[in-house]
$ cat data-v3.cif   # mmCIF, C-alpha atoms and all ligand atoms
data_model
#
loop_
_atom_site.label_atom_id
_atom_site.label_comp_id
_atom_site.auth_asym_id
_atom_site.auth_seq_id
_atom_site.Cartn_x
_atom_site.Cartn_y
_atom_site.Cartn_z
CA MET A 1 -36.80 -14.71 6.72
CA ALA A 2 -38.31 -17.32 4.35
CA SER A 3 -37.62 -16.78 0.67
CA ASN A 4 -40.09 -16.98 -2.16
CA THR A 5 -40.27 -20.68 -3.15
CA THR A 6 -40.27 -19.91 -6.89
CA SER A 7 -36.89 -18.19 -6.97
CA ALA A 8 -33.39 -19.18 -5.85
CA ASP A 9 -32.31 -17.82 -2.49
CA LEU A 10 -29.74 -15.04 -2.80
CA PHE A 11 -28.06 -16.33 0.36
CA ALA A 12 -27.61 -19.89 -0.98
CA LYS A 13 -23.99 -19.11 -1.94
CA CYS A 14 -23.31 -17.93 1.60
CA ALA A 15 -24.65 -21.17 3.07
CA ALA A 16 -22.45 -23.14 0.64
CA PHE A 17 -19.34 -21.05 1.44
CA ASP A 18 -17.44 -23.50 3.62
CA GLN A 19 -13.74 -22.87 2.79
CA VAL A 20 -13.26 -20.76 5.90
CA GLU A 21 -14.57 -23.46 8.23
CA HIS A 22 -12.38 -26.06 6.49
CA ALA A 23 -9.29 -23.87 6.75
CA LYS A 24 -10.00 -23.15 10.44
CA ALA A 25 -10.49 -26.85 11.17
CA MET A 26 -7.09 -27.57 9.59
CA GLY A 27 -5.44 -24.75 11.58
CA TYR A 28 -4.61 -22.93 8.34
CA TYR A 29 -6.81 -19.84 8.54
CA PRO A 30 -4.43 -16.85 8.51
CA TYR A 31 -6.85 -13.92 8.33
CA PHE A 32 -8.49 -11.48 10.75
CA LYS A 33 -6.12 -12.44 13.60
CA PRO A 34 -6.85 -10.08 16.48
CA VAL A 35 -3.88 -8.17 17.87
CA ALA A 36 -4.23 -7.11 21.50
CA SER A 37 -1.58 -4.38 21.62
CA ALA A 38 -0.19 -1.42 19.67
CA GLU A 39 1.10 -2.27 16.16
CA GLU A 40 4.77 -2.29 17.08
CA THR A 41 7.75 -4.52 16.35
CA GLU A 42 6.40 -6.86 19.01
CA VAL A 43 2.66 -7.39 19.42
CA SER A 44 0.40 -9.58 21.52
CA ILE A 45 -1.51 -12.32 19.68
CA ASP A 46 -3.45 -15.09 21.44
CA GLY A 47 -1.99 -13.89 24.73
CA ARG A 48 1.62 -14.37 23.54
CA PRO A 49 4.35 -11.93 22.45
CA VAL A 50 4.90 -12.19 18.70
CA LEU A 51 7.48 -10.41 16.50
CA MET A 52 5.62 -8.37 13.89
CA LEU A 53 6.93 -8.82 10.35
CA GLY A 54 3.73 -7.93 8.57
CA SER A 55 3.08 -4.28 9.33
CA ASN A 56 3.25 -1.30 6.98
CA ASN A 57 4.35 0.87 9.91
CA TYR A 58 7.68 1.31 8.09
CA LEU A 59 9.03 4.19 10.15
CA GLY A 60 7.63 2.81 13.42
CA LEU A 61 5.66 5.98 14.15
CA THR A 62 2.37 4.56 15.49
CA THR A 63 3.56 4.94 19.09
CA HIS A 64 5.91 7.89 18.66
CA PRO A 65 5.20 10.27 21.59
CA LYS A 66 4.82 13.29 19.25
CA VAL A 67 2.29 11.45 17.08
CA LYS A 68 0.23 10.33 20.05
CA GLU A 69 0.35 13.80 21.63
CA ALA A 70 -0.78 15.44 18.38
CA ALA A 71 -3.69 13.01 18.05
CA GLN A 72 -4.78 13.63 21.63
CA ALA A 73 -4.53 17.42 21.25
CA ALA A 74 -6.64 17.28 18.06
CA ILE A 75 -9.36 15.34 19.87
CA GLU A 76 -9.30 17.94 22.67
CA ARG A 77 -9.70 20.77 20.15
CA PHE A 78 -11.93 19.27 17.45
CA GLY A 79 -13.55 16.26 19.14
CA SER A 80 -13.63 12.74 17.76
CA SER A 81 -15.13 13.23 14.29
CA SER A 82 -15.87 15.82 11.63
CA CYS A 83 -19.30 14.23 11.19
CA GLY A 84 -19.60 15.11 7.52
CA SER A 85 -18.15 15.31 4.05
CA ARG A 86 -15.33 17.68 3.13
CA PHE A 87 -17.79 19.10 0.62
CA LEU A 88 -20.17 20.39 3.30
CA ASN A 89 -19.52 20.74 7.03
CA GLY A 90 -16.58 18.32 7.27
CA THR A 91 -13.62 20.47 6.23
CA LEU A 92 -11.61 21.40 9.32
CA GLU A 93 -8.78 23.91 9.21
CA ILE A 94 -6.30 21.10 9.86
CA HIS A 95 -7.42 19.33 6.65
CA LEU A 96 -6.28 22.40 4.73
CA GLU A 97 -3.06 22.69 6.74
CA LEU A 98 -2.31 19.04 5.96
CA GLU A 99 -2.99 19.56 2.25
CA GLU A 100 -0.66 22.54 2.10
CA ARG A 101 2.10 20.67 3.94
CA LEU A 102 1.73 17.58 1.74
CA ALA A 103 1.76 19.58 -1.49
CA ARG A 104 5.04 21.17 -0.39
CA PHE A 105 6.50 17.84 0.72
CA LEU A 106 5.58 16.10 -2.54
CA ASN A 107 6.77 19.05 -4.66
CA LYS A 108 3.37 19.55 -6.30
CA GLU A 109 1.16 22.64 -6.62
CA SER A 110 -1.74 21.15 -4.77
CA ALA A 111 -2.82 18.15 -2.69
CA LEU A 112 -6.17 16.70 -1.66
CA VAL A 113 -6.76 14.31 1.24
CA PHE A 114 -9.36 11.53 1.33
CA SER A 115 -10.50 9.33 4.22
CA THR A 116 -8.64 6.22 3.02
CA GLY A 117 -6.05 5.40 0.41
CA PHE A 118 -8.53 3.10 -1.27
CA GLN A 119 -11.05 5.93 -1.63
CA THR A 120 -8.33 8.19 -3.03
CA ASN A 121 -7.66 6.00 -6.05
CA LEU A 122 -11.30 5.05 -6.43
CA GLY A 123 -12.37 8.70 -6.52
CA ALA A 124 -9.45 10.18 -8.46
CA ILE A 125 -9.37 7.61 -11.27
CA SER A 126 -13.12 7.34 -11.71
CA SER A 127 -13.57 11.11 -11.82
CA LEU A 128 -10.69 11.73 -14.24
CA VAL A 129 -11.25 9.05 -16.86
CA GLY A 130 -14.40 9.52 -18.89
CA LYS A 131 -16.20 7.74 -21.72
CA GLY A 132 -13.92 6.99 -24.66
CA GLU A 133 -10.79 7.51 -22.56
CA PHE A 134 -8.33 4.88 -21.32
CA ILE A 135 -6.76 3.71 -18.07
CA ILE A 136 -3.57 1.82 -18.76
CA SER A 137 -2.72 -0.26 -15.75
CA ASP A 138 0.11 -2.60 -14.70
CA LYS A 139 -1.31 -6.12 -14.26
CA TRP A 140 -0.13 -6.26 -10.65
CA ASN A 141 -1.59 -2.91 -9.58
CA HIS A 142 -3.46 -2.64 -6.30
CA ALA A 143 -7.16 -3.55 -6.16
CA CYS A 144 -8.25 0.07 -5.61
CA ILE A 145 -6.73 1.06 -8.96
CA ILE A 146 -8.63 -1.74 -10.69
CA ASP A 147 -11.83 -0.75 -8.88
CA GLY A 148 -11.30 2.94 -9.72
CA ALA A 149 -11.02 1.93 -13.37
CA ARG A 150 -14.15 -0.22 -13.14
CA LEU A 151 -16.09 2.63 -11.57
CA SER A 152 -15.06 5.06 -14.31
CA TYR A 153 -16.76 5.32 -17.69
CA GLY A 154 -13.44 4.73 -19.43
CA THR A 155 -11.84 1.55 -20.73
CA MET A 156 -9.12 -0.27 -18.81
CA LYS A 157 -6.24 -1.90 -20.66
CA ARG A 158 -3.55 -3.81 -18.81
CA PHE A 159 0.13 -4.35 -19.55
CA ARG A 160 2.50 -7.03 -18.31
CA HIS A 161 3.99 -6.28 -14.92
CA ASN A 162 6.88 -3.79 -15.11
CA ASP A 163 7.29 -4.37 -18.85
CA PRO A 164 7.79 -1.10 -20.80
CA ASP A 165 7.65 -2.95 -24.15
CA ASP A 166 4.23 -4.29 -23.32
CA LEU A 167 3.17 -0.84 -22.08
CA GLU A 168 4.17 0.55 -25.47
CA ARG A 169 2.18 -2.19 -27.23
CA VAL A 170 -0.91 -1.18 -25.22
CA LEU A 171 -0.37 2.55 -25.74
CA SER A 172 -0.02 2.12 -29.48
CA SER A 173 -3.24 0.08 -29.57
CA CYS A 174 -5.26 3.03 -28.18
CA PRO A 175 -6.73 5.50 -30.66
CA GLU A 176 -4.80 8.73 -31.12
CA GLY A 177 -6.17 11.98 -29.74
CA VAL A 178 -8.03 10.50 -26.76
CA GLY A 179 -7.19 10.92 -23.07
CA LYS A 180 -5.01 8.21 -21.53
CA LEU A 181 -3.92 7.70 -17.93
CA ILE A 182 -1.06 5.33 -17.12
CA VAL A 183 -1.37 4.09 -13.54
CA VAL A 184 1.25 2.10 -11.65
CA ASP A 185 2.15 1.24 -8.07
CA GLY A 186 5.50 2.95 -7.45
CA LEU A 187 6.47 0.19 -5.02
CA PHE A 188 4.50 -3.01 -5.50
CA SER A 189 2.91 -3.98 -2.22
CA MET A 190 3.39 -7.75 -2.39
CA GLU A 191 6.63 -8.20 -4.35
CA GLY A 192 8.49 -5.14 -3.08
CA ASP A 193 9.78 -4.27 -6.57
CA LEU A 194 9.72 -0.82 -8.16
CA ALA A 195 7.95 0.43 -11.30
CA PRO A 196 10.41 1.53 -14.01
CA LEU A 197 9.33 5.19 -13.84
CA PRO A 198 11.97 6.66 -16.19
CA GLU A 199 10.82 4.38 -19.04
CA ILE A 200 7.16 4.98 -18.16
CA VAL A 201 7.43 8.78 -18.27
CA GLU A 202 9.30 8.58 -21.56
CA LEU A 203 6.50 6.49 -23.09
CA ALA A 204 3.82 8.73 -21.55
CA GLU A 205 5.35 11.74 -23.23
CA ARG A 206 5.71 9.97 -26.57
CA TYR A 207 2.08 8.81 -26.59
CA GLY A 208 0.51 11.90 -24.96
CA ALA A 209 -0.61 10.04 -21.84
CA ARG A 210 -0.86 11.34 -18.26
CA THR A 211 0.67 9.44 -15.33
CA LEU A 212 -0.51 8.53 -11.84
CA VAL A 213 1.83 6.78 -9.40
CA ASP A 214 0.33 5.04 -6.37
CA ASP A 215 3.15 5.50 -3.89
CA ALA A 216 1.32 4.05 -0.88
CA HIS A 217 4.32 2.01 0.23
CA ALA A 218 7.03 4.38 -0.97
CA VAL A 219 6.30 7.77 0.58
CA GLY A 220 8.50 8.05 3.67
CA VAL A 221 10.59 5.13 2.43
CA MET A 222 12.02 5.85 -1.04
CA GLY A 223 14.09 8.80 -2.22
CA PRO A 224 16.74 10.84 -0.39
CA ASN A 225 14.01 12.82 1.41
CA GLY A 226 11.33 10.13 1.54
CA ARG A 227 9.25 11.73 -1.18
CA GLY A 228 8.73 8.38 -2.87
CA THR A 229 9.60 6.62 -6.11
CA PRO A 230 9.49 9.74 -8.35
CA GLU A 231 12.18 11.29 -6.12
CA HIS A 232 14.11 7.99 -6.06
CA PHE A 233 14.21 7.92 -9.87
CA GLY A 234 14.67 11.70 -10.28
CA VAL A 235 11.42 12.11 -12.29
CA GLU A 236 9.27 14.13 -9.87
CA ASP A 237 8.46 16.83 -12.42
CA ASP A 238 7.48 14.26 -15.05
CA ILE A 239 4.87 12.39 -12.98
CA ASP A 240 1.51 14.16 -13.22
CA LEU A 241 -0.19 12.75 -10.13
CA VAL A 242 1.27 11.17 -7.01
CA MET A 243 -1.01 9.28 -4.69
CA GLY A 244 -0.14 8.21 -1.14
CA THR A 245 -1.78 6.57 1.86
CA PHE A 246 -1.51 7.45 5.54
CA SER A 247 -1.95 3.87 6.78
CA LYS A 248 1.71 3.05 6.30
CA SER A 249 4.68 5.34 7.02
CA PHE A 250 2.32 8.09 8.20
CA ALA A 251 0.98 5.85 11.00
CA SER A 252 -2.63 6.96 10.53
CA LEU A 253 -5.52 6.43 8.10
CA GLY A 254 -6.38 8.36 4.94
CA GLY A 255 -4.95 9.11 1.52
CA VAL A 256 -3.67 11.95 -0.64
CA ILE A 257 -3.42 12.82 -4.30
CA ALA A 258 -1.10 15.62 -5.42
CA GLY A 259 -0.58 17.36 -8.76
CA ASP A 260 -1.35 20.56 -10.66
CA GLU A 261 -3.87 22.83 -8.97
CA TYR A 262 -6.46 22.72 -11.78
CA VAL A 263 -6.45 18.92 -11.87
CA ILE A 264 -6.73 18.57 -8.10
CA SER A 265 -9.60 21.07 -8.07
CA TYR A 266 -11.40 18.98 -10.71
CA ILE A 267 -10.96 15.81 -8.64
CA GLN A 268 -12.08 17.64 -5.51
CA HIS A 269 -15.36 18.65 -7.10
CA ASN A 270 -16.05 15.43 -8.99
CA ALA A 271 -14.74 12.44 -7.00
CA ARG A 272 -17.71 10.68 -5.45
CA THR A 273 -15.59 9.23 -2.63
CA MET A 274 -14.70 12.79 -1.64
CA ILE A 275 -18.16 14.28 -1.88
CA PHE A 276 -20.31 11.47 -0.51
CA SER A 277 -18.14 10.24 2.36
CA ALA A 278 -17.15 11.80 5.70
CA SER A 279 -13.72 13.39 6.02
CA MET A 280 -10.67 12.14 7.93
CA PRO A 281 -11.24 12.42 11.69
CA PRO A 282 -9.19 15.08 13.54
CA ALA A 283 -6.91 12.61 15.37
CA ALA A 284 -6.00 10.94 12.06
CA VAL A 285 -5.19 14.31 10.42
CA ALA A 286 -3.05 15.41 13.36
CA SER A 287 -1.16 12.09 13.37
CA VAL A 288 -0.24 12.60 9.72
CA LEU A 289 0.93 16.16 10.39
CA ALA A 290 3.12 14.97 13.25
CA SER A 291 4.48 12.04 11.21
CA LEU A 292 5.32 14.36 8.34
CA GLU A 293 7.25 16.60 10.71
CA ILE A 294 9.19 13.58 11.99
CA MET A 295 9.90 12.36 8.45
CA GLU A 296 11.40 15.74 7.63
CA THR A 297 13.40 16.16 10.84
CA GLU A 298 14.50 12.59 11.69
CA PRO A 299 16.03 11.18 8.48
CA GLU A 300 17.91 8.66 10.65
CA ARG A 301 14.67 6.69 10.93
CA ARG A 302 14.64 6.09 7.17
CA GLU A 303 18.35 5.22 7.30
CA HIS A 304 17.67 2.65 10.01
CA LEU A 305 14.82 1.18 8.00
CA TRP A 306 17.20 0.71 5.08
CA ALA A 307 19.90 -0.82 7.30
CA ASN A 308 17.29 -3.34 8.54
CA THR A 309 16.18 -3.97 4.97
CA ARG A 310 19.74 -4.69 3.79
CA LYS A 311 20.35 -7.00 6.74
CA MET A 312 17.20 -9.03 6.07
CA MET A 313 17.56 -9.14 2.29
CA HIS A 314 21.10 -10.41 2.66
CA GLY A 315 20.24 -12.79 5.53
CA LEU A 316 17.23 -14.35 3.77
CA GLN A 317 19.09 -14.77 0.48
CA GLU A 318 22.09 -16.32 2.28
CA LEU A 319 19.74 -18.88 3.79
CA GLY A 320 18.55 -19.72 0.28
CA PHE A 321 15.09 -18.14 0.25
CA ASP A 322 13.69 -16.75 -3.00
CA THR A 323 13.07 -13.03 -2.39
CA GLY A 324 11.90 -12.35 -5.93
CA LYS A 325 12.82 -8.95 -7.36
CA SER A 326 12.37 -6.99 -4.16
CA GLU A 327 14.71 -4.08 -3.54
CA THR A 328 12.76 -2.47 -0.70
CA PRO A 329 11.58 -3.05 2.91
CA VAL A 330 8.80 -5.27 1.50
CA ILE A 331 10.56 -8.62 1.08
CA PRO A 332 8.57 -11.60 -0.20
CA ILE A 333 9.60 -15.17 0.40
CA VAL A 334 8.26 -16.85 -2.67
CA VAL A 335 7.20 -20.40 -1.94
CA GLY A 336 5.10 -21.08 -5.03
CA GLU A 337 2.62 -23.51 -3.48
CA MET A 338 -0.37 -22.69 -1.32
CA PHE A 339 -0.17 -25.34 1.40
CA THR A 340 3.58 -24.92 1.81
CA ALA A 341 3.01 -21.17 2.26
CA LEU A 342 0.21 -21.77 4.77
CA GLY A 343 2.29 -24.38 6.59
CA MET A 344 5.20 -21.99 6.88
CA TRP A 345 2.95 -19.19 8.09
CA ARG A 346 1.47 -21.47 10.79
CA SER A 347 4.87 -22.73 11.88
CA LEU A 348 6.36 -19.23 12.08
CA LEU A 349 3.44 -18.04 14.19
CA ASP A 350 3.87 -21.02 16.52
CA HIS A 351 7.50 -19.88 16.87
CA GLY A 352 6.40 -16.31 17.70
CA VAL A 353 6.89 -14.62 14.31
CA TYR A 354 3.97 -13.00 12.44
CA VAL A 355 4.16 -12.72 8.63
CA ASN A 356 1.46 -12.24 6.02
CA VAL A 357 0.70 -15.19 3.80
CA VAL A 358 -0.32 -14.23 0.27
CA ILE A 359 -2.17 -16.62 -2.00
CA PRO A 360 -4.23 -16.24 -5.20
CA PRO A 361 -6.09 -14.13 -6.19
CA ALA A 362 -3.89 -11.57 -4.39
CA VAL A 363 -0.93 -12.99 -6.36
CA PRO A 364 -0.92 -15.11 -9.55
CA PRO A 365 -0.80 -18.90 -9.04
CA GLY A 366 2.84 -19.96 -8.61
CA ARG A 367 3.72 -16.76 -6.69
CA GLU A 368 2.29 -17.95 -3.34
CA MET A 369 4.44 -16.22 -0.76
CA LEU A 370 5.07 -14.98 2.72
CA ARG A 371 5.18 -11.21 2.65
CA THR A 372 7.60 -9.83 5.19
CA SER A 373 8.01 -6.11 5.83
CA TYR A 374 10.39 -4.23 8.06
CA MET A 375 10.33 -1.23 10.35
CA ALA A 376 12.92 1.35 11.33
CA THR A 377 12.33 0.26 14.93
CA HIS A 378 13.13 -3.47 14.58
CA THR A 379 16.24 -4.20 16.63
CA ASP A 380 19.20 -6.30 15.52
CA GLU A 381 18.37 -8.91 18.18
CA GLN A 382 14.79 -9.19 16.89
CA LEU A 383 15.96 -9.60 13.31
CA ASP A 384 18.62 -12.17 14.27
CA HIS A 385 15.95 -14.14 16.07
CA VAL A 386 13.72 -13.91 12.98
CA LEU A 387 16.49 -15.20 10.72
CA SER A 388 17.23 -18.21 12.91
CA THR A 389 13.50 -19.00 13.11
CA PHE A 390 13.20 -18.77 9.32
CA GLU A 391 16.16 -21.09 8.95
CA GLU A 392 14.70 -23.69 11.29
CA VAL A 393 11.20 -23.59 9.78
CA GLY A 394 12.41 -23.33 6.17
CA GLU A 395 14.67 -26.37 6.58
CA ARG A 396 12.01 -28.44 8.29
CA LEU A 397 9.50 -27.72 5.51
CA GLY A 398 12.11 -28.39 2.81
CA ILE A 399 11.89 -24.84 1.41
CA ILE A 400 15.63 -24.24 1.79
N1 LIG B 501 -2.57 1.40 -2.76
C1 LIG B 501 -1.72 0.42 -2.42
C2 LIG B 501 -0.57 0.09 -3.30
C3 LIG B 501 -1.93 -0.29 -1.23
O1 LIG B 501 -1.10 -1.28 -0.89
C4 LIG B 501 -3.04 0.05 -0.41
C5 LIG B 501 -3.36 -0.66 0.88
N2 LIG B 501 -2.57 -1.66 1.29
C6 LIG B 501 -3.89 1.07 -0.82
C7 LIG B 501 -3.62 1.73 -1.99
C8 LIG B 501 -5.09 1.45 -0.02
O2 LIG B 501 -4.71 2.20 1.09
P1 LIG B 501 -5.54 2.23 2.45
O3 LIG B 501 -5.31 0.93 3.15
O4 LIG B 501 -4.93 3.37 3.16
O5 LIG B 501 -6.96 2.44 2.11
#

$ encode --input "data-v3.cif" --output "structure tokens" --more "lines below"
Ligand code: PMP
Amino acid sequence: MASNTTSADLFAKCAAFDQVEHAKAMGYYPYFKPVASAEETEVSIDGRPVLMLGSNNYLGLTTHPKVKEAAQAAIERFGSSSCGSRFLNGTLEIHLELEERLARFLNKESALVFSTGFQTNLGAISSLVGKGEFIISDKWNHACIIDGARLSYGTMKRFRHNDPDDLERVLSSCPEGVGKLIVVDGLFSMEGDLAPLPEIVELAERYGARTLVDDAHAVGVMGPNGRGTPEHFGVEDDIDLVMGTFSKSFASLGGVIAGDEYVISYIQHNARTMIFSASMPPAAVASVLASLEIMETEPERREHLWANTRKMMHGLQELGFDTGKSETPVIPIVVGEMFTALGMWRSLLDHGVYVNVVIPPAVPPGREMLRTSYMATHTDEQLDHVLSTFEEVGERLGII
């Protein structure tokens, strides 16, 4: 449609947006790659088998027979969709069953599920933090925490990544006697490092702040029972709110926030992403229920994930790669320069290994990296093959 000749065309920026075409022409466009198979340790990309080192399917449950059976049975019973918001017609009995099970699993009074992890943080943070109140956020927190803060009427202040001294500086700069919420990723999704929760809860108590831990990547992975970073650090009772997603270890889609009953009830009745968006579809809910059951009854999966993690951390470091401060199944290979990172990504894919390439703004300039992540179901042979491919490509590109 023609635009009014007296004003600039809104779409002019879209017409001028040519980076994608340039990157594609150079063979360096790493995004939106279609996968033609289940998200497993090996997938099909461009008609070829490729080892998957970029999935958040940490426990390898996406194709577990019990998960698939539960999803199919839920479709048989409830159909394909709830066709509405939890607030109105869209609460199914299995949503409530899932909330009860998750509250018990996470050792909290109450839990509330949303349709995505992103919506969980967006809704919870924006509903909780009002005018004159503060969100105090680690600088490397996930985008949905930042967006939740922006959507709220409160003020966001940021502290240096994983730096309790800087957190204290920020806390002491807030006025006394106003509500404050400290929000951190428990396990940082790009660097694979952990938030220092014991120091954070100590500061929260001293400054009268509440705490929210986004444990998207840690539930199912961290802690003796997979309850996440609060369990890992032994501070479960001191963290006010734990948030998780179902798109990772739970092999589904959706999110949860758990805490005291009165707080969860407040979020339930005020979060716009809960009230004005349709609820998790039945198959997704049933997949989470089945995955939770497996997490509780098959701890050997988590043990295998950690054995794979140790093998890869050790193997990559031996080869001379910089794995940053990771201590988890998310292992970055920090390259520090965009075209080197893109070149390595391309070369690895040509050799049949898929990794995620991460460049600014997702990471600060200088932290350009390949993000690798591991599953309980990767085999030793697969990981040995990955290590020898990394060695060959890393040497050729002069990274090691
Ligand atoms: N929090 C963190 C730390 C994440 O990494 C992600 C997604 N990668 C989310 C929240 C959002 O979760 P979802 O993809 O389930 O919406």

$ residues_near_ligand --input "data-v3.cif" --ligand "ligand LIG 501 (chain B)" --cutoff "6 Å" --atoms "all atoms listed in the file" --output "list in words"
Thr116, Gly117, Phe118, His142, Asp185, Ser189, Asp214, Ala216, Thr245, Phe246, Ser247, Leu253, Gly254 and Gly255 of chain A

$ residues_around --input "data-v3.cif" --residues "Ala103 in chain A" --least-positions-apart "3" --cutoff "12 Å" --atoms "only C-alpha atoms" --output "PDB file with C-alpha atoms, in the frame of the given file"
ATOM      1  CA  LEU A  96      -6.280  22.400   4.730  1.00  0.00           C
ATOM      2  CA  GLU A  97      -3.060  22.690   6.740  1.00  0.00           C
ATOM      3  CA  LEU A  98      -2.310  19.040   5.960  1.00  0.00           C
ATOM      4  CA  GLU A  99      -2.990  19.560   2.250  1.00  0.00           C
ATOM      5  CA  GLU A 100      -0.660  22.540   2.100  1.00  0.00           C
ATOM      6  CA  LEU A 106       5.580  16.100  -2.540  1.00  0.00           C
ATOM      7  CA  ASN A 107       6.770  19.050  -4.660  1.00  0.00           C
ATOM      8  CA  LYS A 108       3.370  19.550  -6.300  1.00  0.00           C
ATOM      9  CA  GLU A 109       1.160  22.640  -6.620  1.00  0.00           C
ATOM     10  CA  SER A 110      -1.740  21.150  -4.770  1.00  0.00           C
ATOM     11  CA  ALA A 111      -2.820  18.150  -2.690  1.00  0.00           C
ATOM     12  CA  LEU A 112      -6.170  16.700  -1.660  1.00  0.00           C
ATOM     13  CA  VAL A 113      -6.760  14.310   1.240  1.00  0.00           C
ATOM     14  CA  ARG A 227       9.250  11.730  -1.180  1.00  0.00           C
ATOM     15  CA  LEU A 241      -0.190  12.750 -10.130  1.00  0.00           C
ATOM     16  CA  VAL A 242       1.270  11.170  -7.010  1.00  0.00           C
ATOM     17  CA  MET A 243      -1.010   9.280  -4.690  1.00  0.00           C
ATOM     18  CA  GLY A 244      -0.140   8.210  -1.140  1.00  0.00           C
ATOM     19  CA  VAL A 256      -3.670  11.950  -0.640  1.00  0.00           C
ATOM     20  CA  ILE A 257      -3.420  12.820  -4.300  1.00  0.00           C
ATOM     21  CA  ALA A 258      -1.100  15.620  -5.420  1.00  0.00           C
ATOM     22  CA  GLY A 259      -0.580  17.360  -8.760  1.00  0.00           C
ATOM     23  CA  ASP A 260      -1.350  20.560 -10.660  1.00  0.00           C
ATOM     24  CA  GLU A 261      -3.870  22.830  -8.970  1.00  0.00           C
ATOM     25  CA  ILE A 264      -6.730  18.570  -8.100  1.00  0.00           C
ATOM     26  CA  LEU A 292       5.320  14.360   8.340  1.00  0.00           C
TER      27      LEU A 292
END

$ atom_distance --input "data-v3.cif" --atom1 "CA of Ala71 in chain A" --atom2 "CA of Ala290 in chain A"
8.6 Å

$ closest_residue --input "data-v3.cif" --among "A:Gly90, A:Pro175, A:Gly315, A:Pro34" --to "Phe276 in chain A" --atoms "only C-alpha atoms"
A:Gly90

$ closest_residue --input "data-v3.cif" --among "A:Asp138, A:Glu293, A:Glu337, A:Asp147" --to "Arg101 in chain A" --atoms "only C-alpha atoms"
A:Glu293

$ closest_atom_pairs --input "data-v3.cif" --of "range 10-116 of chain A" --to "range 347-365 of chain A" --cutoff "10 Å" --atoms "only C-alpha atoms" --output "CSV"
residue,atom,partner,partner_atom,distance
A:Pro30,CA,A:Val357,CA,7.2
A:Tyr31,CA,A:Asn356,CA,8.8
A:Glu42,CA,A:Val353,CA,9.1
A:Val43,CA,A:Tyr354,CA,9.1
A:Ser44,CA,A:Gly352,CA,9.8
A:Ile45,CA,A:Gly352,CA,9.1
A:Arg48,CA,A:Gly352,CA,7.8
A:Pro49,CA,A:Gly352,CA,6.8
A:Val50,CA,A:Gly352,CA,4.5
A:Leu51,CA,A:Val353,CA,4.8
A:Met52,CA,A:Tyr354,CA,5.1
A:Leu53,CA,A:Val355,CA,5.1
A:Gly54,CA,A:Val355,CA,4.8
A:Ser55,CA,A:Val355,CA,8.5

$ closest_residue --input "data-v3.cif" --among "A:Val184, A:Ala341, A:Ala124, A:Leu151" --to "Met274 in chain A" --atoms "all atoms listed in the file"
A:Ala124

$ atom_distance --input "data-v3.cif" --atom1 "CA of Leu197 in chain A" --atom2 "CA of Gly336 in chain A"
28.0 Å
